[in-house]
$ cat input_35.tsv   # TSV, C-alpha atoms
chain	number	residue	atom	x	y	z
A	1	MET	CA	120.55	141.26	32.80
A	2	ILE	CA	117.34	142.24	34.56
A	3	ARG	CA	117.28	141.24	38.18
A	4	LEU	CA	114.52	141.65	40.72
A	5	LEU	CA	115.13	143.86	43.72
A	6	ASP	CA	115.80	142.24	47.07
A	7	SER	CA	115.18	144.04	50.35
A	8	GLN	CA	118.46	142.71	51.75
A	9	ASN	CA	120.77	144.70	49.50
A	10	THR	CA	118.69	147.58	48.12
A	11	GLY	CA	118.72	151.24	49.04
A	12	LEU	CA	116.65	154.26	48.09
A	13	LEU	CA	118.40	157.34	46.76
A	14	ILE	CA	116.49	160.64	46.84
A	15	ILE	CA	118.31	163.26	44.80
A	16	ASP	CA	117.82	167.01	45.29
A	17	VAL	CA	114.10	167.30	46.05
A	18	GLN	CA	114.62	170.86	47.27
A	19	GLU	CA	112.47	173.89	48.06
A	20	LYS	CA	113.69	176.20	45.29
A	21	LEU	CA	114.03	173.52	42.62
A	22	ILE	CA	110.77	171.56	42.91
A	23	PRO	CA	108.41	174.41	41.90
A	24	ALA	CA	109.94	174.39	38.39
A	25	ILE	CA	109.67	170.61	37.95
A	26	ASN	CA	107.07	169.08	35.64
A	27	GLN	CA	104.62	166.69	37.38
A	28	LYS	CA	106.02	167.63	40.81
A	29	GLU	CA	102.97	166.41	42.76
A	30	ARG	CA	103.22	162.92	41.22
A	31	ILE	CA	106.96	162.78	41.89
A	32	ILE	CA	106.60	163.84	45.54
A	33	ASP	CA	103.75	161.38	46.11
A	34	ASN	CA	105.76	158.49	44.67
A	35	ILE	CA	108.89	159.40	46.61
A	36	LYS	CA	106.80	159.33	49.79
A	37	LYS	CA	105.52	155.85	48.82
A	38	LEU	CA	109.11	154.68	48.33
A	39	ILE	CA	110.07	156.13	51.71
A	40	ARG	CA	107.22	154.19	53.33
A	41	LEU	CA	108.38	151.01	51.59
A	42	SER	CA	111.89	151.70	52.86
A	43	GLU	CA	110.60	152.02	56.42
A	44	LEU	CA	108.69	148.72	56.25
A	45	PHE	CA	111.68	146.79	54.91
A	46	ASN	CA	114.51	148.72	56.59
A	47	LEU	CA	115.95	149.84	53.27
A	48	PRO	CA	118.62	152.49	53.72
A	49	VAL	CA	117.58	155.93	52.46
A	50	ILE	CA	120.26	158.23	51.11
A	51	LEU	CA	119.26	161.86	50.63
A	52	THR	CA	121.24	164.48	48.71
A	53	GLU	CA	120.91	168.23	48.42
A	54	GLN	CA	122.50	170.21	45.61
A	55	ASN	CA	124.07	173.43	46.88
A	56	PRO	CA	121.55	173.84	49.74
A	57	ASP	CA	122.74	177.37	50.55
A	58	LYS	CA	121.37	178.49	47.18
A	59	ILE	CA	118.61	175.97	46.42
A	60	GLY	CA	117.31	175.39	49.94
A	61	SER	CA	116.82	172.22	51.93
A	62	THR	CA	114.72	169.18	51.07
A	63	LEU	CA	111.05	169.94	50.57
A	64	SER	CA	109.33	169.80	53.99
A	65	GLU	CA	106.72	167.34	52.72
A	66	VAL	CA	109.47	164.85	51.88
A	67	LYS	CA	111.59	165.71	54.91
A	68	GLU	CA	108.67	164.92	57.25
A	69	SER	CA	108.25	161.48	55.65
A	70	LEU	CA	111.87	160.50	56.25
A	71	PRO	CA	112.84	158.35	59.24
A	72	ALA	CA	115.84	160.69	59.69
A	73	TYR	CA	116.89	163.89	57.96
A	74	GLU	CA	120.58	163.44	57.15
A	75	PRO	CA	121.23	165.02	53.77
A	76	ILE	CA	124.51	164.77	51.92
A	77	SER	CA	125.35	168.23	50.60
A	78	LYS	CA	126.95	168.39	47.20
A	79	LEU	CA	128.04	170.67	44.40
A	80	HIS	CA	128.75	167.85	41.92
A	81	PHE	CA	125.85	166.77	39.74
A	82	ASN	CA	127.08	163.16	39.95
A	83	CYS	CA	126.53	162.00	43.55
A	84	CYS	CA	129.33	159.45	43.14
A	85	GLU	CA	131.84	162.32	43.03
A	86	VAL	CA	131.02	163.08	46.68
A	87	ASP	CA	133.03	161.14	49.28
A	88	ALA	CA	130.21	161.10	51.85
A	89	PHE	CA	127.88	159.56	49.26
A	90	LYS	CA	130.39	156.88	48.20
A	91	GLU	CA	131.08	156.03	51.84
A	92	SER	CA	127.36	155.79	52.56
A	93	ILE	CA	126.54	153.30	49.80
A	94	GLU	CA	129.70	151.26	50.47
A	95	SER	CA	129.12	151.05	54.23
A	96	LYS	CA	125.55	149.85	53.69
A	97	LYS	CA	126.80	147.08	51.37
A	98	LEU	CA	124.23	147.95	48.72
A	99	GLU	CA	124.06	146.17	45.38
A	100	ASN	CA	120.85	147.74	44.08
A	101	LEU	CA	119.82	151.37	44.12
A	102	ILE	CA	116.40	152.83	43.45
A	103	ILE	CA	117.00	156.37	42.21
A	104	SER	CA	114.35	159.05	42.67
A	105	GLY	CA	114.45	162.83	42.54
A	106	VAL	CA	115.48	165.60	40.17
A	107	GLU	CA	116.57	166.42	37.60
A	108	THR	CA	116.27	163.29	35.48
A	109	HIS	CA	118.66	164.43	32.75
A	110	ILE	CA	121.27	165.95	35.08
A	111	CYS	CA	121.93	164.63	38.59
A	112	VAL	CA	119.80	161.48	38.31
A	113	PHE	CA	121.35	160.58	34.94
A	114	GLN	CA	124.97	161.31	35.91
A	115	THR	CA	124.62	159.41	39.19
A	116	ALA	CA	122.97	156.42	37.49
A	117	MET	CA	125.78	156.28	34.94
A	118	ALA	CA	128.47	156.28	37.62
A	119	LEU	CA	126.65	153.67	39.72
A	120	LEU	CA	126.26	151.38	36.69
A	121	LYS	CA	129.94	151.84	35.83
A	122	ASN	CA	130.80	150.81	39.40
A	123	GLY	CA	128.79	147.58	39.17
A	124	TYR	CA	125.58	148.59	40.94
A	125	HIS	CA	122.16	147.57	39.65
A	126	VAL	CA	120.02	150.66	39.15
A	127	GLN	CA	116.26	150.96	38.92
A	128	VAL	CA	114.71	154.33	38.11
A	129	PRO	CA	110.97	154.69	38.68
A	130	GLN	CA	109.99	157.06	35.87
A	131	ASP	CA	107.13	158.42	37.97
A	132	ALA	CA	109.45	159.37	40.87
A	133	VAL	CA	111.97	161.41	38.86
A	134	GLY	CA	111.46	164.66	37.00
A	135	SER	CA	112.87	167.55	35.04
A	136	ARG	CA	111.74	171.05	34.22
A	137	THR	CA	110.65	169.93	30.74
A	138	ASP	CA	109.10	166.72	29.47
A	139	GLU	CA	111.76	166.52	26.75
A	140	ASN	CA	114.64	166.53	29.24
A	141	TRP	CA	112.83	163.99	31.44
A	142	GLN	CA	112.47	161.67	28.43
A	143	VAL	CA	116.08	162.18	27.34
A	144	GLY	CA	117.33	161.28	30.83
A	145	LEU	CA	115.17	158.14	30.97
A	146	HIS	CA	116.28	156.99	27.50
A	147	LEU	CA	119.96	157.56	28.26
A	148	MET	CA	119.74	155.62	31.52
A	149	ARG	CA	117.85	152.74	29.88
A	150	ASP	CA	120.40	152.61	27.05
A	151	ALA	CA	123.20	152.45	29.64
A	152	GLY	CA	121.64	149.47	31.43
A	153	ALA	CA	119.44	150.97	34.14
A	154	ILE	CA	115.97	149.51	34.58
A	155	VAL	CA	113.44	152.27	33.93
A	156	THR	CA	110.33	151.19	35.78
A	157	SER	CA	107.52	152.55	37.97
A	158	THR	CA	107.07	153.10	41.68
A	159	GLU	CA	104.41	150.43	41.90
A	160	THR	CA	106.58	147.88	40.08
A	161	ILE	CA	109.36	148.52	42.60
A	162	ILE	CA	106.97	148.22	45.54
A	163	TYR	CA	105.70	144.83	44.38
A	164	GLN	CA	109.25	143.57	43.71
A	165	ILE	CA	110.18	144.24	47.32
A	166	LEU	CA	106.86	142.94	48.71
A	167	LYS	CA	107.24	139.63	46.81
A	168	GLN	CA	103.82	138.31	47.98
A	169	ALA	CA	100.36	139.22	49.19
A	170	GLY	CA	99.00	138.40	52.63
A	171	THR	CA	101.85	139.79	54.72
A	172	ASP	CA	101.64	142.65	57.21
A	173	GLU	CA	103.91	144.69	54.93
A	174	PHE	CA	101.61	144.02	51.97
A	175	ARG	CA	98.56	145.21	53.91
A	176	LYS	CA	100.38	148.35	55.06
A	177	MET	CA	101.64	149.19	51.56
A	178	LEU	CA	98.25	148.51	50.01
A	179	LYS	CA	96.87	151.40	52.07
A	180	VAL	CA	99.63	153.63	50.70
A	181	ILE	CA	99.22	152.53	47.08
A	182	LYS	CA	95.44	152.92	46.89
$ encode --input "input_35.tsv" --output "structure tokens"
Amino acid sequence: MIRLLDSQNTGLLIIDVQEKLIPAINQKERIIDNIKKLIRLSELFNLPVILTEQNPDKIGSTLSEVKESLPAYEPISKLHFNCCEVDAFKESIESKKLENLIISGVETHICVFQTAMALLKNGYHVQVPQDAVGSRTDENWQVGLHLMRDAGAIVTSTETIIYQILKQAGTDEFRKMLKVIK
């Protein structure tokens, strides 16, 4: 069942947007721009942001452009592709009492896909903005999106997510996000 996002129980997950990985990702500028929009939305509505880094000793830390947009830089280091296999990640989403997760980051067909599958299996509602996730090839990006959609995730866009959380025009949050969107 499709359900609209609510700012009261939604969090933003940013997976592995790291220095040595991002240069190889297709459409990286679009992905980074949309992740930054989602971070701004998270700030306006106090949505928890959960950041992961895959093997940071080898792949580096989160891209500085993304890191600088974050309210706090508190990455969860991992070796597992599926974030749900990491205790610190599980504790983070459970302690924040999240029901919905917006998943952004890389790679769509690996870490994003495996994490989405585990979250869905555990009863979370997952929305994946297709313009805020990426892979090294277009084919793998498409495969990841199709697999997640088939499993029950909502494959959407950054702007669709933004307007779900905004709910209406005329608010201070709407005016602030409008500047970010345009």
$ closest_residue --input "input_35.tsv" --among "A:Tyr163, A:Ser42, A:Lys20, A:Ile31" --to "Lys58 (chain A)" --atoms "all atoms listed in the file"
A:Lys20
$ atom_distance --input "input_35.tsv" --atom1 "CA of Ile50 (chain A)" --atom2 "CA of Lys28 (chain A)"
19.9 Å
$ atom_distance --input "input_35.tsv" --atom1 "CA of Leu70 (chain A)" --atom2 "CA of Asp6 (chain A)"
20.8 Å
$ residues_around --input "input_35.tsv" --residues "Arg30 (chain A)" --least-positions-apart "5" --cutoff "10 Å" --atoms "all atoms listed in the file" --output "number ranges by chain"
A: 35-36, 131-134
$ axis_aligned_box --input "input_35.tsv" --around "region 69-74 of chain A" --padding-each-side "5 Å" --output "lines of an AutoDock Vina configuration file"
center_x = 114.4
center_y = 161.1
center_z = 57.7
size_x = 22.3
size_y = 15.5
size_z = 14.0
$ closest_residue --input "input_35.tsv" --among "A:Thr62, A:Thr10, A:Asn34, A:Gln127" --to "Gly152 (chain A)" --atoms "all atoms listed in the file"
A:Gln127
$ closest_residue --input "input_35.tsv" --among "A:Pro75, A:Gly144, A:Pro48, A:Gly170" --to "Thr108 (chain A)" --atoms "only C-alpha atoms"
A:Gly144
